[in-house]
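Peer 1: This is the structure I want to talk about, given as structure tokens.
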Amino acid sequence: MTVLGYAIEQAWVSLRRSGKSAIISIGTIAIAFVTLGGFLLVSVNVQRTLDRWLQAAELSVYLEDEVGDEARASIEAYLRAQPAVLEVEFITKSRALERFHADFPELGDVTESLNGNPFPASFEVRLQTGPAAEAQADDLARGVADREGVADVRYDRRWLARLLAIVTGARVAGGIAAGVLMLGAAFTVAAVVRLSLHARRDELEIMQLVGAPFSYIRGPSIVEGLLLGGIGAAVAFVAVGILFTMVGRWLGPDLAGLIGGEELLFLGVREGAILLLGGLAVGAAAGALASRAVR
Amino acid sequence: MIETQGLGKVYGRGLYALRDLTLTIEKGEFVFLTGPSGAGKSTLLRLLLLQERPSEGDVIVGGRNLARLTRDEVQAYRRTVGFVFQDFKLIATKTVFENVSFALRVLGMPVEQQRRRTYQVLKWVGLQHRLNSIPEELSGGEQQRVAIARALVNEPHLVLADEPTGNLDPDLSLEIMNLFRDINASGTTVVVATHDRELIKWVGRRVLQLDQGRLAAGAEAPQ
């Protein structure tokens with residue numbers, strides 16, 4: 001029998017013998033990985049929304065009502081000359097009003113009660129992406145604001161960048177929390193593996209005395225940790241799936257509205273692999289650590 | 001085969017279990033280690049099996065200085081040594097056959113070879129009819145024969161036995177000693193630690209007498 005076959009066989013026997021403690025260990029890993037999975041799930045959806053917002057992010061240059069054709073043409077020429085600019089579209093006052101009616105039909109009578117069209121004409125500017133373009137866009141936003149005929153400039157990327165920074169901070173905090181939980185899970189796995197080592201102490205003593213290679217002596221502990229971690233992560237994956245379905249059923253429409261009408265995404269292959277491989281890695285590392293007690 | 005030079009083993013705060021021990025055991029020899037309790041017999045065997053490392057001096061077995069072996073080399077060395085203990089050290093949940101074949105299984109030997117070799121050696125110690133018994137179903141003598149079979153299954157160059165008859169009555173002790181004589185007759189070096197003078201006299205081989213961790217004066221009895 002190969003070392004791997006022996007290790008798998010012994011690890012399985014140990015798991016079955018461990019009973020309750022193995023179940024507790026799997027549960028602890030599952031809790032840690034449900035946290036990680038939930039965090040990845042939120043992260044995936046928030047990131048997708050942010051990416052979409054970032055792609056759609058525009059520089060809106062609102063014009064004064066009294067702006068003349070010459071000033072307007074000058075502003076447009078200025079915008080088109082900038083390297084950070086991808087596309088420029090002129091939105092007339094009447095087009096702006098039409099858009100408002102289309103986007104908010106229930107508020108139609110609000111504008112009817114006003115005298116005239118309250119919406120300003122504007123240039124909607126699509127910008128290039130990338131760090132260099134962002135720096136240029138900052139300069140552009142400042143530069144165009146000072147031009148004649150410009151009433152206001154709205155630059156979406158500024159607050160999106162702030163939001164992105166907050167999301168990144170939340171990601172780091174979530175990662176640290178998941179890391180701490182995983183560390184706790186690893187200690188639980190190590191404790192279960194140590195119990196298995198204790199139950200096998202007679203065999204281990206004989207193995208050492210007959211000169212068994214360390215791969216045979218320690219291999220079962222590593223595989224046992226691997227199985228605990230893998231099963232725990234698989235349970236977590238299923239649990240995240242169930243939670244996702246339940247949350248989708250109860251809060252789906254509200255959440256979809258919050259992120260721009262799109263359906264919530266479940267974990268992709270990459271995130272699923274992070275969960276499962278992470279569970280295997282944490283388990284194997286804990287098993288290897290525990291097996292170092294055998295010298 | 002075995003050579004020690006100024007060998008010492010110190011426990012705790014200066015308690016010497018072995019002190020400045022220099023001896024030689026030739027290849028193919030059968031040697032008894034004897035002496036009172038605490039003389040250092042078991043400590044010497046533990047050092048020869050590398051269950052412990054010497055505090056001072058050298059232990060050279062088959063030309064290899066055991067003090068310098070790495071962790072993996074220790075395991076490789078142990079594959080050339082068979083061991084037998086007073087308490088048998090059998091795995092209670094395994095059958096006679098499994099206890100012996102286990103020593104080959106954990107070395108990665110192919111299953112068919114394990115079976116053939118295990119059966120041969122169990123037949124040699126006269127236990128071919130107890131293959132499926134578990135240790136608690138066996139007498140002390142039978143359990144020790146299983147332990148001897150396990151020590152031999154890997155065809156070692158050296159067999160170390162620590163009080164192998166300590167739990168056995170005189171008749172069974174002689175039976176076990178006969179097995180050791182047969183093992184030695186096939187060319188294997190045998191070192192047996194015992195304080196049973198009658199047994200030593202009956203077997204009639206070289207005796208190394210230890211006292212307080214040293215070779216006692218005039219310790220080497222003639223064969």
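Chains: A, B, ... in order of the structure tokens. Residues: from 1 per chain. Ligands: from 1, in order shown.
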Would you kindly return, as a ChimeraX atom specification, each protein, DNA or RNA residue with an atom no farther than 12 Å from any atom of Val189 (chain A), considering only C-alpha atoms and excluding same-chain residues fewer than 6 positions away?

Peer 2: /A:15,18,21-30,182-183,195-196,221-232,279-291

Peer 1: I'd like the neighbourhood of region 2-15 of chain B as number ranges by chain, where a residue qualifies if any of its atoms comes within 9 Å (using only C-alpha atoms), though same-chain residues fewer than 3 positions away should be ignored.

Peer 2: B: 18-27, 43-44, 47-48, 53-63, 213

Peer 1: I need the chain A residues near chain B as a ChimeraX atom specification; criterion: at most 12 Å, counting only C-alpha atoms.

Peer 2: /A:1-7,10,199-220,294-295

Peer 1: Could you please take those selected residues and save C-alpha atoms as a PDB file, in the first residue's frame?

Peer 2:
```
ATOM      1  CA  MET A   1       0.000   0.000   0.000  1.00  0.00           C
ATOM      2  CA  THR A   2       1.299   3.445  -0.855  1.00  0.00           C
ATOM      3  CA  VAL A   3       1.924   6.061   1.784  1.00  0.00           C
ATOM      4  CA  LEU A   4      -1.074   8.048   0.529  1.00  0.00           C
ATOM      5  CA  GLY A   5      -3.388   5.033   0.666  1.00  0.00           C
ATOM      6  CA  TYR A   6      -2.189   4.247   4.181  1.00  0.00           C
ATOM      7  CA  ALA A   7      -2.586   7.880   5.272  1.00  0.00           C
ATOM      8  CA  GLN A  10      -5.777   5.708   8.870  1.00  0.00           C
ATOM      9  CA  ALA A 199      -5.528   6.998  20.464  1.00  0.00           C
ATOM     10  CA  ARG A 200      -2.894   5.641  18.050  1.00  0.00           C
ATOM     11  CA  ARG A 201       0.040   6.035  20.433  1.00  0.00           C
ATOM     12  CA  ASP A 202       0.802   2.280  20.543  1.00  0.00           C
ATOM     13  CA  GLU A 203       0.874   2.065  16.761  1.00  0.00           C
ATOM     14  CA  LEU A 204       2.967   5.201  16.518  1.00  0.00           C
ATOM     15  CA  GLU A 205       5.506   3.848  18.985  1.00  0.00           C
ATOM     16  CA  ILE A 206       5.839   0.634  16.982  1.00  0.00           C
ATOM     17  CA  MET A 207       6.077   2.606  13.740  1.00  0.00           C
ATOM     18  CA  GLN A 208       8.915   4.667  15.151  1.00  0.00           C
ATOM     19  CA  LEU A 209      10.725   1.606  16.467  1.00  0.00           C
ATOM     20  CA  VAL A 210      10.507  -0.338  13.203  1.00  0.00           C
ATOM     21  CA  GLY A 211      11.854   2.674  11.325  1.00  0.00           C
ATOM     22  CA  ALA A 212       8.737   3.681   9.427  1.00  0.00           C
ATOM     23  CA  PRO A 213       9.385   6.761   7.270  1.00  0.00           C
ATOM     24  CA  PHE A 214       7.966  10.002   8.686  1.00  0.00           C
ATOM     25  CA  SER A 215       5.590  10.205   5.734  1.00  0.00           C
ATOM     26  CA  TYR A 216       3.874   7.094   7.162  1.00  0.00           C
ATOM     27  CA  ILE A 217       4.032   8.360  10.744  1.00  0.00           C
ATOM     28  CA  ARG A 218       2.778  11.890  10.125  1.00  0.00           C
ATOM     29  CA  GLY A 219       0.868  11.439   6.878  1.00  0.00           C
ATOM     30  CA  PRO A 220      -2.386  10.240   8.510  1.00  0.00           C
ATOM     31  CA  VAL A 294       5.599  12.759  17.033  1.00  0.00           C
ATOM     32  CA  ARG A 295       9.386  12.782  16.888  1.00  0.00           C
TER      33      ARG A 295
END
```

Peer 1: Between CA of Gly140 (chain B) and CA of Asn167 (chain B), what is the spacing in Å?

Peer 2: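 Distance reported for this atom pair: 7.1 Å.
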
Peer 1: Would you return as number ranges by chain the members of region 68-171 of chain B that DSSP assigns to strand (DSSP E) on this structure's backbone?

Peer 2: B: 81-85, 158-162

Peer 1: Applying 12 Å and only C-alpha atoms, which residues near Glu198 (chain B) remain after dropping the ones on its own chain fewer than 3 positions away? List them as a list in words.

Peer 2: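 Once the adjacent positions are removed, what remains is Thr34, Thr165, Pro170, Asp171, Ser173, Leu174, Met177, Thr194, His195, Lys201, Trp202, Val203 and Gly204 of chain B.
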
Peer 1: Could you tell me how far CA of Gly149 (chain A) lies from CA of Leu107 (chain A), in Å and to one decimal?

Peer 2: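 Going from CA of Gly149 (chain A) over to CA of Leu107 (chain A), I get 29.1 Å.
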
Peer 1: Find, counting only C-alpha atoms, the residue in B:Leu179, B:Ala193, B:Leu122, B:Ala161 that gets nearest to Glu98 (chain B).

Peer 2: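 So, comparing all the options, the nearest one is B:Leu122.
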